[in-house]
file upload33.csv (CSV, N, CA and C atoms)
chain,number,residue,atom,x,y,z
A,1,MET,N,258.9,146.2,253.9
A,1,MET,CA,257.7,146.8,253.6
A,1,MET,C,257.7,147.7,252.4
A,2,LYS,N,258.9,148.4,252.2
A,2,LYS,CA,259.0,149.3,251.0
A,2,LYS,C,259.1,148.4,249.8
A,3,LYS,N,259.8,147.3,249.9
A,3,LYS,CA,259.9,146.4,248.7
A,3,LYS,C,258.6,145.8,248.3
A,4,CYS,N,257.8,145.5,249.3
A,4,CYS,CA,256.5,144.9,249.0
A,4,CYS,C,255.6,146.0,248.4
A,5,PHE,N,255.7,147.2,248.9
A,5,PHE,CA,254.9,148.3,248.3
A,5,PHE,C,255.3,148.6,246.9
A,6,GLY,N,256.6,148.6,246.7
A,6,GLY,CA,257.2,148.8,245.3
A,6,GLY,C,256.8,147.8,244.3
A,7,LEU,N,256.8,146.5,244.8
A,7,LEU,CA,256.4,145.4,244.0
A,7,LEU,C,254.9,145.5,243.6
A,8,LEU,N,254.1,145.9,244.6
A,8,LEU,CA,252.6,146.1,244.4
A,8,LEU,C,252.4,147.2,243.3
A,9,VAL,N,253.1,148.3,243.4
A,9,VAL,CA,253.0,149.4,242.4
A,9,VAL,C,253.4,148.9,241.0
A,10,VAL,N,254.4,148.2,240.9
A,10,VAL,CA,254.9,147.7,239.6
A,10,VAL,C,253.8,146.7,239.0
A,11,LEU,N,253.3,145.9,239.9
A,11,LEU,CA,252.2,144.9,239.4
A,11,LEU,C,251.0,145.7,239.0
A,12,LEU,N,250.6,146.7,239.7
A,12,LEU,CA,249.4,147.5,239.3
A,12,LEU,C,249.7,148.2,238.0
A,13,LEU,N,250.8,148.7,237.8
A,13,LEU,CA,251.2,149.4,236.5
A,13,LEU,C,251.1,148.5,235.4
A,14,LEU,N,251.7,147.3,235.6
A,14,LEU,CA,251.7,146.3,234.5
A,14,LEU,C,250.3,145.8,234.2
A,15,ALA,N,249.5,145.6,235.2
A,15,ALA,CA,248.1,145.2,235.0
A,15,ALA,C,247.3,146.3,234.3
A,16,ALA,N,247.6,147.5,234.5
A,16,ALA,CA,246.9,148.6,233.8
A,16,ALA,C,247.3,148.7,232.4
A,17,CYS,N,248.4,148.1,232.0
A,17,CYS,CA,248.8,148.2,230.6
A,17,CYS,C,248.2,147.0,229.7
A,18,ALA,N,247.3,146.2,230.3
A,18,ALA,CA,246.8,145.1,229.5
A,18,ALA,C,245.9,145.7,228.4
A,19,THR,N,246.1,145.0,227.2
A,19,THR,CA,245.3,145.5,226.1
A,19,THR,C,243.9,145.0,226.2
A,20,PRO,N,243.0,145.8,225.7
A,20,PRO,CA,241.6,145.5,225.7
A,20,PRO,C,241.3,144.3,224.7
A,21,PRO,N,240.2,143.6,224.9
A,21,PRO,CA,240.0,142.5,223.9
A,21,PRO,C,239.7,143.0,222.5
A,22,TYR,N,240.2,142.3,221.5
A,22,TYR,CA,240.1,142.7,220.1
A,22,TYR,C,238.7,142.6,219.6
A,23,LEU,N,238.0,141.5,220.0
A,23,LEU,CA,236.6,141.3,219.5
A,23,LEU,C,235.6,141.7,220.6
A,24,TYR,N,234.5,142.3,220.1
A,24,TYR,CA,233.5,142.7,221.1
A,24,TYR,C,232.3,141.7,221.0
A,25,TYR,N,232.0,141.1,222.1
A,25,TYR,CA,230.9,140.2,222.1
A,25,TYR,C,229.6,140.7,222.8
A,26,GLY,N,229.7,141.8,223.5
A,26,GLY,CA,228.6,142.4,224.2
A,26,GLY,C,228.0,141.4,225.2
A,27,ASN,N,226.7,141.3,225.3
A,27,ASN,CA,226.1,140.3,226.2
A,27,ASN,C,225.4,139.1,225.4
A,28,THR,N,226.0,138.8,224.2
A,28,THR,CA,225.4,137.8,223.4
A,28,THR,C,225.4,136.4,224.1
A,29,SER,N,226.4,136.1,224.9
A,29,SER,CA,226.4,134.7,225.5
A,29,SER,C,225.2,134.6,226.5
A,30,HIS,N,225.0,135.7,227.3
A,30,HIS,CA,223.9,135.6,228.3
A,30,HIS,C,222.5,135.6,227.6
A,31,SER,N,222.4,136.4,226.5
A,31,SER,CA,221.1,136.5,225.9
A,31,SER,C,220.8,135.2,225.0
A,32,TYR,N,221.9,134.6,224.5
A,32,TYR,CA,221.8,133.3,223.8
A,32,TYR,C,221.3,132.2,224.8
A,33,TYR,N,221.9,132.2,226.0
A,33,TYR,CA,221.6,131.2,227.0
A,33,TYR,C,220.1,131.3,227.3
A,34,ARG,N,219.6,132.6,227.5
A,34,ARG,CA,218.2,132.8,227.9
A,34,ARG,C,217.3,132.4,226.7
A,35,ALA,N,217.7,132.7,225.5
A,35,ALA,CA,216.9,132.3,224.3
A,35,ALA,C,216.7,130.8,224.2
A,36,VAL,N,217.8,130.1,224.4
A,36,VAL,CA,217.8,128.6,224.3
A,36,VAL,C,217.0,128.0,225.5
A,37,LYS,N,217.2,128.6,226.7
A,37,LYS,CA,216.6,128.1,227.9
A,37,LYS,C,215.1,128.3,227.9
A,38,LYS,N,214.7,129.5,227.6
A,38,LYS,CA,213.3,129.9,227.7
A,38,LYS,C,212.5,129.5,226.4
A,39,GLN,N,213.1,129.7,225.3
A,39,GLN,CA,212.5,129.4,223.9
A,39,GLN,C,211.2,130.2,223.7
A,40,ASP,N,211.2,131.4,224.2
A,40,ASP,CA,210.0,132.2,223.9
A,40,ASP,C,210.4,133.4,223.0
A,41,ALA,N,209.4,134.1,222.4
A,41,ALA,CA,209.6,135.1,221.4
A,41,ALA,C,210.4,136.3,222.0
A,42,LYS,N,210.1,136.6,223.3
A,42,LYS,CA,210.8,137.8,223.9
A,42,LYS,C,212.3,137.5,224.0
A,43,SER,N,212.7,136.3,224.5
A,43,SER,CA,214.1,136.0,224.7
A,43,SER,C,214.8,135.9,223.4
A,44,VAL,N,214.2,135.4,222.4
A,44,VAL,CA,214.8,135.3,221.0
A,44,VAL,C,215.0,136.7,220.5
A,45,ALA,N,214.0,137.6,220.7
A,45,ALA,CA,214.1,139.0,220.2
A,45,ALA,C,215.2,139.7,220.9
A,46,ASN,N,215.4,139.4,222.2
A,46,ASN,CA,216.5,140.0,223.0
A,46,ASN,C,217.8,139.5,222.4
A,47,TYR,N,217.9,138.3,222.1
A,47,TYR,CA,219.2,137.7,221.5
A,47,TYR,C,219.4,138.4,220.2
A,48,LYS,N,218.4,138.6,219.4
A,48,LYS,CA,218.6,139.2,218.1
A,48,LYS,C,219.0,140.7,218.3
A,49,ALA,N,218.4,141.3,219.2
A,49,ALA,CA,218.8,142.7,219.5
A,49,ALA,C,220.3,142.8,220.0
A,50,SER,N,220.7,141.8,220.8
A,50,SER,CA,222.1,141.8,221.3
A,50,SER,C,223.1,141.6,220.1
A,51,LEU,N,222.7,140.8,219.2
A,51,LEU,CA,223.5,140.6,218.0
A,51,LEU,C,223.6,141.9,217.2
A,52,GLU,N,222.5,142.5,217.0
A,52,GLU,CA,222.5,143.8,216.3
A,52,GLU,C,223.4,144.8,217.0
A,53,GLN,N,223.4,144.8,218.3
A,53,GLN,CA,224.2,145.8,219.1
A,53,GLN,C,225.7,145.4,218.8
A,54,VAL,N,226.0,144.2,218.8
A,54,VAL,CA,227.4,143.8,218.6
A,54,VAL,C,227.9,144.2,217.2
A,55,PHE,N,227.0,144.1,216.2
A,55,PHE,CA,227.3,144.6,214.8
A,55,PHE,C,227.6,146.1,214.8
A,56,ASP,N,226.7,146.8,215.5
A,56,ASP,CA,226.9,148.3,215.6
A,56,ASP,C,228.2,148.7,216.3
A,57,VAL,N,228.4,148.1,217.4
A,57,VAL,CA,229.6,148.5,218.2
A,57,VAL,C,230.9,148.1,217.5
A,58,SER,N,230.9,146.9,216.9
A,58,SER,CA,232.1,146.4,216.2
A,58,SER,C,232.4,147.4,215.0
A,59,THR,N,231.3,147.8,214.3
A,59,THR,CA,231.5,148.7,213.2
A,59,THR,C,232.1,150.0,213.7
A,60,ARG,N,231.5,150.5,214.8
A,60,ARG,CA,231.9,151.8,215.3
A,60,ARG,C,233.4,151.7,215.8
A,61,LEU,N,233.8,150.6,216.4
A,61,LEU,CA,235.2,150.4,216.8
A,61,LEU,C,236.1,150.1,215.7
A,62,GLY,N,235.6,149.8,214.5
A,62,GLY,CA,236.5,149.4,213.4
A,62,GLY,C,237.0,148.0,213.6
A,63,ARG,N,236.3,147.1,214.2
A,63,ARG,CA,236.8,145.8,214.5
A,63,ARG,C,235.8,144.8,213.8
A,64,PRO,N,236.3,143.6,213.5
A,64,PRO,CA,235.4,142.6,212.9
A,64,PRO,C,234.4,142.1,213.9
A,65,VAL,N,233.3,141.6,213.4
A,65,VAL,CA,232.3,141.0,214.2
A,65,VAL,C,232.8,139.6,214.5
A,66,PRO,N,232.7,139.1,215.8
A,66,PRO,CA,233.3,137.8,216.2
A,66,PRO,C,232.7,136.7,215.3
A,67,PRO,N,233.5,135.7,215.1
A,67,PRO,CA,233.1,134.6,214.2
A,67,PRO,C,231.9,133.9,214.7
A,68,GLY,N,231.0,133.6,213.8
A,68,GLY,CA,229.8,132.8,214.1
A,68,GLY,C,228.6,133.7,214.4
A,69,LEU,N,228.7,135.0,214.7
A,69,LEU,CA,227.6,135.8,215.0
A,69,LEU,C,226.8,136.1,213.8
A,70,TYR,N,227.4,136.4,212.7
A,70,TYR,CA,226.6,136.6,211.5
A,70,TYR,C,225.8,135.3,211.1
A,71,CYS,N,226.3,134.2,211.3
A,71,CYS,CA,225.6,132.9,211.1
A,71,CYS,C,224.4,132.8,212.0
A,72,ASP,N,224.6,133.1,213.3
A,72,ASP,CA,223.5,133.0,214.2
A,72,ASP,C,222.4,134.0,213.8
A,73,TYR,N,222.8,135.2,213.4
A,73,TYR,CA,221.8,136.2,213.0
A,73,TYR,C,221.0,135.7,211.8
A,74,ALA,N,221.8,135.1,210.8
A,74,ALA,CA,221.2,134.6,209.6
A,74,ALA,C,220.2,133.5,209.9
A,75,LEU,N,220.5,132.6,210.9
A,75,LEU,CA,219.6,131.6,211.2
A,75,LEU,C,218.3,132.1,211.9
A,76,LEU,N,218.4,133.2,212.6
A,76,LEU,CA,217.2,133.8,213.2
A,76,LEU,C,216.4,134.4,212.0
A,77,LEU,N,217.0,135.0,211.0
A,77,LEU,CA,216.3,135.5,209.9
A,77,LEU,C,215.6,134.4,209.1
A,78,VAL,N,216.3,133.3,208.9
A,78,VAL,CA,215.7,132.1,208.2
A,78,VAL,C,214.4,131.7,209.0
A,79,ALA,N,214.5,131.7,210.3
A,79,ALA,CA,213.3,131.3,211.1
A,79,ALA,C,212.1,132.3,210.9
A,80,GLU,N,212.5,133.6,210.5
A,80,GLU,CA,211.4,134.6,210.2
A,80,GLU,C,211.1,134.6,208.8
A,81,ASN,N,211.6,133.7,208.0
A,81,ASN,CA,211.4,133.6,206.5
A,81,ASN,C,211.9,134.8,205.8
A,82,ASN,N,213.0,135.5,206.3
A,82,ASN,CA,213.6,136.6,205.6
A,82,ASN,C,214.9,136.0,205.0
A,83,THR,N,214.7,135.3,203.9
A,83,THR,CA,215.8,134.5,203.3
A,83,THR,C,216.8,135.5,202.6
A,84,THR,N,216.3,136.6,202.1
A,84,THR,CA,217.2,137.5,201.4
A,84,THR,C,218.3,138.1,202.3
A,85,GLU,N,217.8,138.5,203.5
A,85,GLU,CA,218.7,139.1,204.5
A,85,GLU,C,219.6,138.0,205.1
A,86,ALA,N,219.0,136.8,205.3
A,86,ALA,CA,219.8,135.7,205.8
A,86,ALA,C,221.0,135.4,204.9
A,87,LYS,N,220.7,135.3,203.6
A,87,LYS,CA,221.8,135.0,202.7
A,87,LYS,C,222.9,136.1,202.7
A,88,ARG,N,222.4,137.4,202.9
A,88,ARG,CA,223.4,138.5,203.0
A,88,ARG,C,224.3,138.3,204.2
A,89,TYR,N,223.7,137.9,205.3
A,89,TYR,CA,224.5,137.8,206.5
A,89,TYR,C,225.4,136.5,206.5
A,90,LEU,N,225.0,135.5,205.8
A,90,LEU,CA,225.8,134.3,205.7
A,90,LEU,C,227.0,134.7,204.8
A,91,GLU,N,226.8,135.5,203.7
A,91,GLU,CA,227.9,135.9,202.9
A,91,GLU,C,228.9,136.8,203.6
A,92,LEU,N,228.3,137.6,204.5
A,92,LEU,CA,229.2,138.5,205.4
A,92,LEU,C,230.1,137.6,206.3
A,93,GLU,N,229.5,136.6,206.8
A,93,GLU,CA,230.3,135.6,207.7
A,93,GLU,C,231.4,135.0,206.8
A,94,LYS,N,231.1,134.6,205.6
A,94,LYS,CA,232.1,134.0,204.8
A,94,LYS,C,233.2,134.9,204.4
A,95,THR,N,232.9,136.2,204.1
A,95,THR,CA,233.9,137.1,203.7
A,95,THR,C,234.7,137.6,204.9
A,96,THR,N,234.1,137.7,206.0
A,96,THR,CA,234.8,138.2,207.2
A,96,THR,C,235.7,137.1,207.8
A,97,TRP,N,235.2,135.9,207.8
A,97,TRP,CA,235.9,134.8,208.4
A,97,TRP,C,236.0,133.7,207.4
A,98,GLN,N,237.0,133.6,206.6
A,98,GLN,CA,237.1,132.6,205.5
A,98,GLN,C,237.1,131.2,206.0
A,99,GLU,N,237.5,131.0,207.3
A,99,GLU,CA,237.5,129.7,207.9
A,99,GLU,C,236.0,129.1,208.0
A,100,SER,N,235.1,130.0,208.0
A,100,SER,CA,233.7,129.6,208.1
A,100,SER,C,233.1,129.2,206.8
A,101,GLY,N,233.8,129.2,205.7
A,101,GLY,CA,233.3,128.9,204.4
A,101,GLY,C,232.6,127.6,204.2
A,102,THR,N,233.1,126.5,204.8
A,102,THR,CA,232.5,125.2,204.7
A,102,THR,C,231.1,125.2,205.4
A,103,LEU,N,231.1,125.8,206.6
A,103,LEU,CA,229.8,125.9,207.4
A,103,LEU,C,228.8,126.7,206.6
A,104,VAL,N,229.2,127.9,206.1
A,104,VAL,CA,228.3,128.8,205.4
A,104,VAL,C,227.8,128.1,204.2
A,105,ASP,N,228.6,127.4,203.4
A,105,ASP,CA,228.2,126.7,202.2
A,105,ASP,C,227.1,125.6,202.6
A,106,PHE,N,227.4,124.9,203.7
A,106,PHE,CA,226.4,123.9,204.2
A,106,PHE,C,225.1,124.5,204.5
A,107,LEU,N,225.1,125.6,205.3
A,107,LEU,CA,223.9,126.3,205.7
A,107,LEU,C,223.1,126.8,204.5
A,108,MET,N,223.8,127.4,203.5
A,108,MET,CA,223.2,127.9,202.4
A,108,MET,C,222.5,126.8,201.6
A,109,GLN,N,223.2,125.7,201.5
A,109,GLN,CA,222.6,124.5,200.8
A,109,GLN,C,221.4,124.0,201.6
A,110,ARG,N,221.5,123.8,202.9
A,110,ARG,CA,220.5,123.3,203.7
A,110,ARG,C,219.2,124.1,203.7
A,111,TYR,N,219.3,125.4,203.7
A,111,TYR,CA,218.2,126.3,203.7
A,111,TYR,C,217.8,126.8,202.3
A,112,GLY,N,218.4,126.3,201.3
A,112,GLY,CA,218.0,126.7,199.9
A,112,GLY,C,218.4,128.1,199.6
A,113,LEU,N,219.5,128.6,200.1
A,113,LEU,CA,219.9,130.0,199.9
A,113,LEU,C,220.9,130.2,198.8
A,114,GLY,N,221.2,129.1,198.1
A,114,GLY,CA,222.2,129.2,197.1
A,114,GLY,C,221.9,130.1,195.9
A,115,ASN,N,222.8,130.3,195.0
A,115,ASN,CA,222.5,131.2,193.9
A,115,ASN,C,221.3,130.7,193.1
call {"tool": "encode", "arguments": {"input": "upload33.csv", "output": "structure tokens"}}
result
Amino acid sequence: MKKCFGLLVVLLLLAACATPPYLYYGNTSHSYYRAVKKQDAKSVANYKASLEQVFDVSTRLGRPVPPGLYCDYALLLVAENNTTEAKRYLELEKTTWQESGTLVDFLMQRYGLGN
């Protein structure tokens, strides 16, 4: 019984030492699902607000915004005809995650956001 208790204590201590996730996603996956499922203005606005929250929290924590979220936000801005801000967020995606360069270049060309 003592061995079992000791093992349990060790396992709990090791589990408590787990590092927190590096990237903060907030509730973007749930709000994205609702926005795609319902396709109404309220759910899209909630998704946009959840992205803005991720941007704020990530900045406050000193961590990068997860890959792809700047692109999602930019596409929402394109849908609102806010192309200047959309271009800015696409460029943020490209500088934050260099791997996204090909996708960002394609999106900028497709939506006419090039230089």
call {"tool": "residues_around", "arguments": {"input": "upload33.csv", "residues": "Asn81 in chain A", "least_positions_apart": "5", "cutoff": "12 Å", "atoms": "only C-alpha atoms", "output": "ChimeraX atom specification"}}
result
/A:74-76,86-87,111-113
call {"tool": "closest_residue", "arguments": {"input": "upload33.csv", "among": "A:Gly26, A:Pro67, A:Pro20, A:Gly6", "to": "Leu51 in chain A", "atoms": "all atoms listed in the file"}}
result
A:Gly26
call {"tool": "residues_around", "arguments": {"input": "upload33.csv", "residues": "range 46-50 of chain A", "least_positions_apart": "6", "cutoff": "6 Å", "atoms": "all atoms listed in the file", "output": "list in words"}}
result
Asn27, Thr28, Ser31 and Tyr32 of chain A
call {"tool": "atom_distance", "arguments": {"input": "upload33.csv", "atom1": "CA of Ala45 in chain A", "atom2": "CA of Glu85 in chain A"}}
result
16.4 Å
call {"tool": "closest_residue", "arguments": {"input": "upload33.csv", "among": "A:Trp97, A:Tyr24, A:Thr84, A:Gln39", "to": "Ser58 in chain A", "atoms": "all atoms listed in the file"}}
result
A:Tyr24
call {"tool": "atom_distance", "arguments": {"input": "upload33.csv", "atom1": "atom C of Pro64 in chain A", "atom2": "atom N of Arg110 in chain A"}}
result
24.9 Å
call {"tool": "residues_near_point", "arguments": {"input": "upload33.csv", "point": "(226.7, 130.2, 206.4)", "cutoff": "8 Å", "atoms": "only N, CA and C atoms", "output": "number ranges by chain"}}
result
A: 70-72, 74, 86-87, 89-94, 100-109
call {"tool": "write_last_selection", "arguments": {"input": "upload33.csv", "atoms": "N, CA and C atoms", "output": "short mmCIF file (atom, residue, chain, number, x, y, z; two decimals), in the coordinates of the input"}}
result
data_model
loop_
_atom_site.label_atom_id
_atom_site.label_comp_id
_atom_site.auth_asym_id
_atom_site.auth_seq_id
_atom_site.Cartn_x
_atom_site.Cartn_y
_atom_site.Cartn_z
N TYR A 70 227.40 136.40 212.70
CA TYR A 70 226.60 136.60 211.50
C TYR A 70 225.80 135.30 211.10
N CYS A 71 226.30 134.20 211.30
CA CYS A 71 225.60 132.90 211.10
C CYS A 71 224.40 132.80 212.00
N ASP A 72 224.60 133.10 213.30
CA ASP A 72 223.50 133.00 214.20
C ASP A 72 222.40 134.00 213.80
N ALA A 74 221.80 135.10 210.80
CA ALA A 74 221.20 134.60 209.60
C ALA A 74 220.20 133.50 209.90
N ALA A 86 219.00 136.80 205.30
CA ALA A 86 219.80 135.70 205.80
C ALA A 86 221.00 135.40 204.90
N LYS A 87 220.70 135.30 203.60
CA LYS A 87 221.80 135.00 202.70
C LYS A 87 222.90 136.10 202.70
N TYR A 89 223.70 137.90 205.30
CA TYR A 89 224.50 137.80 206.50
C TYR A 89 225.40 136.50 206.50
N LEU A 90 225.00 135.50 205.80
CA LEU A 90 225.80 134.30 205.70
C LEU A 90 227.00 134.70 204.80
N GLU A 91 226.80 135.50 203.70
CA GLU A 91 227.90 135.90 202.90
C GLU A 91 228.90 136.80 203.60
N LEU A 92 228.30 137.60 204.50
CA LEU A 92 229.20 138.50 205.40
C LEU A 92 230.10 137.60 206.30
N GLU A 93 229.50 136.60 206.80
CA GLU A 93 230.30 135.60 207.70
C GLU A 93 231.40 135.00 206.80
N LYS A 94 231.10 134.60 205.60
CA LYS A 94 232.10 134.00 204.80
C LYS A 94 233.20 134.90 204.40
N SER A 100 235.10 130.00 208.00
CA SER A 100 233.70 129.60 208.10
C SER A 100 233.10 129.20 206.80
N GLY A 101 233.80 129.20 205.70
CA GLY A 101 233.30 128.90 204.40
C GLY A 101 232.60 127.60 204.20
N THR A 102 233.10 126.50 204.80
CA THR A 102 232.50 125.20 204.70
C THR A 102 231.10 125.20 205.40
N LEU A 103 231.10 125.80 206.60
CA LEU A 103 229.80 125.90 207.40
C LEU A 103 228.80 126.70 206.60
N VAL A 104 229.20 127.90 206.10
CA VAL A 104 228.30 128.80 205.40
C VAL A 104 227.80 128.10 204.20
N ASP A 105 228.60 127.40 203.40
CA ASP A 105 228.20 126.70 202.20
C ASP A 105 227.10 125.60 202.60
N PHE A 106 227.40 124.90 203.70
CA PHE A 106 226.40 123.90 204.20
C PHE A 106 225.10 124.50 204.50
N LEU A 107 225.10 125.60 205.30
CA LEU A 107 223.90 126.30 205.70
C LEU A 107 223.10 126.80 204.50
N MET A 108 223.80 127.40 203.50
CA MET A 108 223.20 127.90 202.40
C MET A 108 222.50 126.80 201.60
N GLN A 109 223.20 125.70 201.50
CA GLN A 109 222.60 124.50 200.80
C GLN A 109 221.40 124.00 201.60
#
call {"tool": "atom_distance", "arguments": {"input": "upload33.csv", "atom1": "CA of Val57 in chain A", "atom2": "atom N of Val78 in chain A"}}
result
22.2 Å
call {"tool": "select_by_dssp", "arguments": {"input": "upload33.csv", "residues": "chain A", "states": "helix (DSSP H, G or I)", "output": "JSON, numbers by chain"}}
result
{"A": [2, 3, 4, 5, 6, 7, 8, 9, 10, 11, 12, 13, 14, 15, 16, 28, 29, 30, 31, 32, 33, 34, 35, 36, 37, 38, 41, 42, 43, 44, 45, 46, 47, 48, 49, 50, 51, 52, 53, 54, 55, 56, 57, 58, 59, 60, 61, 69, 70, 71, 72, 73, 74, 75, 76, 77, 78, 79, 83, 84, 85, 86, 87, 88, 89, 90, 91, 92, 93, 94, 95, 96, 98, 99, 100, 101, 102, 103, 104, 105, 106, 107, 108, 109, 110]}
call {"tool": "closest_residue", "arguments": {"input": "upload33.csv", "among": "A:Asn82, A:Arg60, A:Asp40, A:Gly68", "to": "Glu99 in chain A", "atoms": "only C-alpha atoms"}}
result
A:Gly68
